[in-house]
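Structure data follow from final00.txt (compact mmCIF, C-alpha atoms and all ligand atoms):
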# COMPACT_ATOMS: atom_id res chain seq x y z
CA MET A 1034 133.89 139.13 52.48
CA VAL A 1035 133.69 135.86 50.49
CA PRO A 1036 130.45 133.92 51.13
CA LYS A 1037 130.85 130.36 52.40
CA HIS A 1038 129.10 128.87 49.36
CA VAL A 1039 131.75 130.35 47.02
CA LYS A 1040 134.55 128.76 49.09
CA LEU A 1041 132.64 125.47 49.17
CA LEU A 1042 132.09 125.56 45.40
CA SER A 1043 135.80 126.13 44.71
CA PHE A 1044 136.80 123.21 47.01
CA THR A 1045 134.18 120.92 45.45
CA THR A 1046 135.65 121.78 42.03
CA VAL A 1047 139.16 120.80 43.19
CA ILE A 1048 137.93 117.52 44.71
CA VAL A 1049 136.02 116.53 41.56
CA ILE A 1050 139.05 117.42 39.35
CA TYR A 1051 141.25 115.32 41.68
CA SER A 1052 138.80 112.40 41.39
CA THR A 1053 138.85 112.71 37.57
CA MET A 1054 142.64 112.39 37.67
CA LEU A 1055 142.53 109.33 39.95
CA ILE A 1056 139.91 107.59 37.78
CA GLY A 1057 141.99 108.47 34.66
CA THR A 1058 145.06 106.87 36.22
CA TYR A 1059 143.02 103.77 37.06
CA VAL A 1060 141.73 103.63 33.45
CA SER A 1061 145.32 103.78 32.26
CA LYS A 1062 146.61 101.14 34.70
CA ILE A 1063 143.89 98.57 33.91
CA GLY A 1064 144.51 99.13 30.19
CA ALA A 1065 140.98 100.41 29.54
CA GLY A 1066 141.96 103.58 27.64
CA LEU A 1067 140.40 102.26 24.42
CA ALA A 1068 137.65 100.14 26.03
CA CYS A 1069 134.87 102.46 24.86
CA PRO A 1070 134.69 102.21 21.05
CA ASP A 1071 132.88 105.51 20.47
CA TRP A 1072 133.07 109.23 21.19
CA PRO A 1073 131.79 111.11 23.17
CA LEU A 1074 129.37 108.46 24.53
CA CYS A 1075 129.86 104.72 24.91
CA PRO A 1076 127.10 102.84 23.00
CA GLU A 1077 126.82 100.04 25.56
CA ILE A 1078 128.35 99.39 28.98
CA THR A 1079 129.24 95.73 28.50
CA SER A 1080 132.46 95.46 30.54
CA PHE A 1081 134.10 96.85 33.66
CA GLY A 1082 136.71 98.62 31.47
CA ILE A 1083 134.01 100.47 29.48
CA LEU A 1084 132.29 101.43 32.74
CA VAL A 1085 135.47 102.92 34.22
CA GLU A 1086 136.39 104.71 30.97
CA PHE A 1087 132.88 106.16 30.71
CA LEU A 1088 133.01 107.16 34.39
CA HIS A 1089 136.25 109.07 33.64
CA ARG A 1090 134.51 110.97 30.81
CA GLY A 1091 131.42 111.61 32.96
CA VAL A 1092 133.36 112.89 35.98
CA ALA A 1093 135.51 114.97 33.57
CA MET A 1094 132.32 116.62 32.28
CA LEU A 1095 131.20 117.29 35.87
CA SER A 1096 134.65 118.87 36.54
CA PHE A 1097 134.13 121.08 33.50
CA ILE A 1098 130.65 122.20 34.64
CA LEU A 1099 131.98 122.99 38.14
CA ALA A 1100 134.98 124.83 36.67
CA VAL A 1101 132.68 126.99 34.50
CA THR A 1102 130.44 127.69 37.52
CA THR A 1103 133.39 128.63 39.79
CA SER A 1104 134.83 130.94 37.13
CA LEU A 1105 131.43 132.56 36.43
CA VAL A 1106 130.65 133.11 40.11
CA LEU A 1107 134.06 134.72 40.65
CA SER A 1108 133.85 136.86 37.51
CA LYS A 1109 130.50 138.29 38.70
CA ARG A 1110 132.08 139.49 41.96
CA GLY A 1111 133.95 142.73 41.49
CA GLU A 1112 136.02 142.82 44.72
CA GLU A 1113 139.64 143.83 44.08
CA GLU A 1114 140.92 141.25 46.58
CA LEU A 1115 139.38 138.48 44.43
CA LYS A 1116 141.45 139.42 41.35
CA PRO A 1117 144.12 136.69 41.82
CA ALA A 1118 141.38 134.04 42.33
CA ARG A 1119 139.53 135.26 39.21
CA ARG A 1120 142.73 135.02 37.17
CA MET A 1121 143.63 131.53 38.40
CA ALA A 1122 140.08 130.26 37.79
CA LEU A 1123 140.11 131.73 34.27
CA ALA A 1124 143.48 130.10 33.49
CA GLY A 1125 142.10 126.80 34.84
CA LEU A 1126 138.98 127.20 32.69
CA VAL A 1127 141.07 127.64 29.53
CA ALA A 1128 143.11 124.54 30.44
CA ILE A 1129 140.10 122.32 31.25
CA THR A 1130 138.28 123.44 28.06
CA VAL A 1131 141.31 122.40 25.98
CA GLN A 1132 141.48 119.13 27.98
CA VAL A 1133 137.84 118.10 27.69
CA PHE A 1134 137.17 119.19 24.10
CA PHE A 1135 140.54 118.60 22.47
CA VAL A 1136 143.30 116.71 24.30
CA GLY A 1137 140.95 114.08 25.87
CA ALA A 1138 139.49 113.22 22.46
CA GLN A 1139 142.94 113.17 20.82
CA VAL A 1140 144.19 110.68 23.46
CA ILE A 1141 141.56 108.28 22.12
CA PHE A 1142 141.78 109.14 18.40
CA SER A 1143 145.59 108.75 18.52
CA LEU A 1144 145.13 105.28 20.08
CA LEU A 1145 146.88 106.41 23.26
CA HIS A 1146 149.95 107.91 21.60
CA PRO A 1147 152.53 108.33 24.43
CA LEU A 1148 153.03 112.04 23.63
CA LEU A 1149 149.29 112.72 23.82
CA VAL A 1150 148.85 110.75 27.06
CA THR A 1151 151.78 112.76 28.48
CA THR A 1152 150.19 116.02 27.27
CA HIS A 1153 146.88 114.90 28.84
CA MET A 1154 148.65 114.42 32.18
CA GLY A 1155 150.47 117.77 31.80
CA VAL A 1156 147.24 119.68 31.14
CA ALA A 1157 145.51 117.81 34.03
CA LEU A 1158 148.22 119.03 36.42
CA LEU A 1159 147.72 122.61 35.21
CA VAL A 1160 143.93 122.36 35.69
CA PHE A 1161 144.39 120.91 39.18
CA GLY A 1162 147.05 123.49 40.11
CA PHE A 1163 144.98 126.49 39.01
CA TYR A 1164 141.81 125.41 40.84
CA LEU A 1165 143.73 124.34 43.96
CA GLY A 1166 145.38 127.79 43.93
CA THR A 1167 141.94 129.42 43.56
CA ALA A 1168 140.44 127.44 46.46
CA LEU A 1169 143.42 128.00 48.78
CA TYR A 1170 143.44 131.72 47.98
CA LEU A 1171 139.72 132.02 48.77
CA ILE A 1172 139.92 130.05 52.02
CA ARG A 1173 142.38 132.52 53.57
CA LEU A 1174 140.07 135.49 52.88
CA LYS A 1175 137.43 136.55 55.43
C1 LIG A 1201 136.09 114.00 28.26
C2 LIG A 1201 137.36 114.25 28.27
C3 LIG A 1201 138.40 113.23 28.57
C4 LIG A 1201 138.70 112.06 27.89
C5 LIG A 1201 138.04 111.52 26.65
C6 LIG A 1201 139.80 111.44 28.58
C7 LIG A 1201 140.38 110.26 28.21
C8 LIG A 1201 141.36 109.59 28.92
C9 LIG A 1201 141.88 108.28 28.60
C10 LIG A 1201 141.45 107.43 27.43
C11 LIG A 1201 142.81 107.98 29.53
C12 LIG A 1201 143.64 106.67 29.61
C13 LIG A 1201 144.96 106.86 28.92
C14 LIG A 1201 145.74 105.56 28.90
O1 LIG A 1201 145.15 104.49 28.80
O2 LIG A 1201 146.98 105.63 29.02
C15 LIG A 1201 142.89 109.09 30.45
C16 LIG A 1201 143.74 109.15 31.52
C17 LIG A 1201 143.86 110.24 32.35
N1 LIG A 1201 143.07 111.37 32.34
FE1 LIG A 1201 141.60 111.80 31.01
N2 LIG A 1201 140.15 112.22 29.66
C18 LIG A 1201 139.32 113.31 29.68
C19 LIG A 1201 139.33 114.33 30.59
C20 LIG A 1201 140.22 114.45 31.63
C21 LIG A 1201 140.29 115.54 32.56
C22 LIG A 1201 139.34 116.75 32.56
C23 LIG A 1201 141.31 115.29 33.41
C24 LIG A 1201 141.81 116.10 34.58
C25 LIG A 1201 141.73 117.40 34.67
C26 LIG A 1201 141.91 114.04 33.03
C27 LIG A 1201 142.99 113.44 33.65
C28 LIG A 1201 143.52 112.21 33.34
C29 LIG A 1201 144.66 111.61 34.00
C30 LIG A 1201 145.47 112.21 35.14
C31 LIG A 1201 144.88 110.37 33.38
C32 LIG A 1201 145.95 109.34 33.75
C33 LIG A 1201 147.11 109.50 32.77
C34 LIG A 1201 148.22 108.51 33.05
O3 LIG A 1201 148.16 107.73 34.00
O4 LIG A 1201 149.20 108.54 32.30
N3 LIG A 1201 141.22 113.55 31.95
N4 LIG A 1201 142.00 110.05 30.06
Do you think you could lay out the structure here as structure tokens?
Amino acid sequence: MVPKHVKLLSFTTVIVIYSTMLIGTYVSKIGAGLACPDWPLCPEITSFGILVEFLHRGVAMLSFILAVTTSLVLSKRGEEELKPARRMALAGLVAITVQVFFVGAQVIFSLLHPLLVTTHMGVALLVFGFYLGTALYLIRLK
């Protein structure tokens, strides 16, 4: 039996990751990828571009916190039927850790090198896929 709050947590994680991706795409399309001149915080929010770029970083951090929480909650539950969900959440956690603490920063430090922006998108799809898989797996359990 999977408690409702665990299912809700895993879906919230997917929705916040999805929002991070949409905001990231918006950042890219309005050309605000380098709007914030510092890392990890923006010294001052003086333009719409900086605001959106900072929002992307902030929502990314929230995604990371939710991903850690989902993975921890699942790892504390020993049920055999949860094994696939635990594995997917752990794989997603590895991917989002690399994204937030390495690839995201490199996108900026490389001045939006096309290969790094492509890698950033590739890792984002993995993160989204693993947590969507986790949430869909949990929802079909009693
Ligand atoms: C704090 C960490 C992060 C930083 C510093 C960061 C930085 C950026 C920047 C600067 C862009 C704009 C790239 C451009 O102008 O072409 C971007 C786009 C994007 N980001 Fe992030 N990001 C972070 C975390 C994440 C996370 C956790 C995800 C999703 C799991 C994500 C998904 C995306 C996506 C999908 C795009 C759009 C890429 C495109 O349209 O080509 N980002 N990010």
Report as a list in words all protein, DNA and RNA residues lying within 12 Å of Ser1052 (chain A), evaluated on all atoms listed in the file, omitting residues in the same chain fewer than 4 positions from it. Thr1045, Thr1046, Val1047, Ile1048, Ile1056, Gly1057, Thr1058, Tyr1059, Leu1088, His1089, Arg1090, Gly1091, Val1092, Ala1093, Met1094, Leu1095, Ser1096, Ala1157 and Phe1161 of chain A
Given the selection you just returned, output its residues as a file containing C-alpha atoms, formatted as an mmCIF file, in the coordinates of the input.
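Final output, out_12.cif:
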data_model
loop_
_atom_site.group_PDB
_atom_site.id
_atom_site.type_symbol
_atom_site.label_atom_id
_atom_site.label_comp_id
_atom_site.auth_asym_id
_atom_site.auth_seq_id
_atom_site.Cartn_x
_atom_site.Cartn_y
_atom_site.Cartn_z
ATOM 1 C CA THR A 1045 134.180 120.920 45.450
ATOM 2 C CA THR A 1046 135.650 121.780 42.030
ATOM 3 C CA VAL A 1047 139.160 120.800 43.190
ATOM 4 C CA ILE A 1048 137.930 117.520 44.710
ATOM 5 C CA ILE A 1056 139.910 107.590 37.780
ATOM 6 C CA GLY A 1057 141.990 108.470 34.660
ATOM 7 C CA THR A 1058 145.060 106.870 36.220
ATOM 8 C CA TYR A 1059 143.020 103.770 37.060
ATOM 9 C CA LEU A 1088 133.010 107.160 34.390
ATOM 10 C CA HIS A 1089 136.250 109.070 33.640
ATOM 11 C CA ARG A 1090 134.510 110.970 30.810
ATOM 12 C CA GLY A 1091 131.420 111.610 32.960
ATOM 13 C CA VAL A 1092 133.360 112.890 35.980
ATOM 14 C CA ALA A 1093 135.510 114.970 33.570
ATOM 15 C CA MET A 1094 132.320 116.620 32.280
ATOM 16 C CA LEU A 1095 131.200 117.290 35.870
ATOM 17 C CA SER A 1096 134.650 118.870 36.540
ATOM 18 C CA ALA A 1157 145.510 117.810 34.030
ATOM 19 C CA PHE A 1161 144.390 120.910 39.180
#
Nearest candidate to Lys1040 (chain A) (options A:Val1133, A:Leu1144, A:Leu1165, A:Ala1128; using only C-alpha atoms): A:Leu1165
Show me which residues line ligand LIG 1201 (chain A), defined as having an atom within 7 Å of a ligand atom where all atoms listed in the file count, and present them as an NGL selection string. :A and (1050 or 1053-1055 or 1057-1058 or 1060-1062 or 1064-1067 or 1086 or 1089-1090 or 1093-1094 or 1096-1097 or 1129 or 1132-1134 or 1137-1138 or 1140-1141 or 1145 or 1150-1151 or 1153-1154 or 1156-1158 or 1160-1161)
Name the closest residue to Leu1171 (chain A) among the candidates A:Val1085, A:Ala1100, A:Cys1069, A:Ala1118; distances are taken between atoms, counting only C-alpha atoms.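 Looking at the shortest contact to Leu1171 (chain A), the residue is A:Ala1118.
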Up to 8 Å from (134.1, 102.2, 25.1) in the file's coordinates: name the residues, counting only C-alpha atoms, as an mmCIF file with C-alpha atoms, in the coordinates of the input.
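See result.cif below for the written result:
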data_model
loop_
_atom_site.group_PDB
_atom_site.id
_atom_site.type_symbol
_atom_site.label_atom_id
_atom_site.label_comp_id
_atom_site.auth_asym_id
_atom_site.auth_seq_id
_atom_site.Cartn_x
_atom_site.Cartn_y
_atom_site.Cartn_z
ATOM 1 C CA LEU A 1067 140.400 102.260 24.420
ATOM 2 C CA ALA A 1068 137.650 100.140 26.030
ATOM 3 C CA CYS A 1069 134.870 102.460 24.860
ATOM 4 C CA PRO A 1070 134.690 102.210 21.050
ATOM 5 C CA ASP A 1071 132.880 105.510 20.470
ATOM 6 C CA LEU A 1074 129.370 108.460 24.530
ATOM 7 C CA CYS A 1075 129.860 104.720 24.910
ATOM 8 C CA PRO A 1076 127.100 102.840 23.000
ATOM 9 C CA GLU A 1077 126.820 100.040 25.560
ATOM 10 C CA ILE A 1078 128.350 99.390 28.980
ATOM 11 C CA GLY A 1082 136.710 98.620 31.470
ATOM 12 C CA ILE A 1083 134.010 100.470 29.480
ATOM 13 C CA LEU A 1084 132.290 101.430 32.740
ATOM 14 C CA GLU A 1086 136.390 104.710 30.970
ATOM 15 C CA PHE A 1087 132.880 106.160 30.710
#
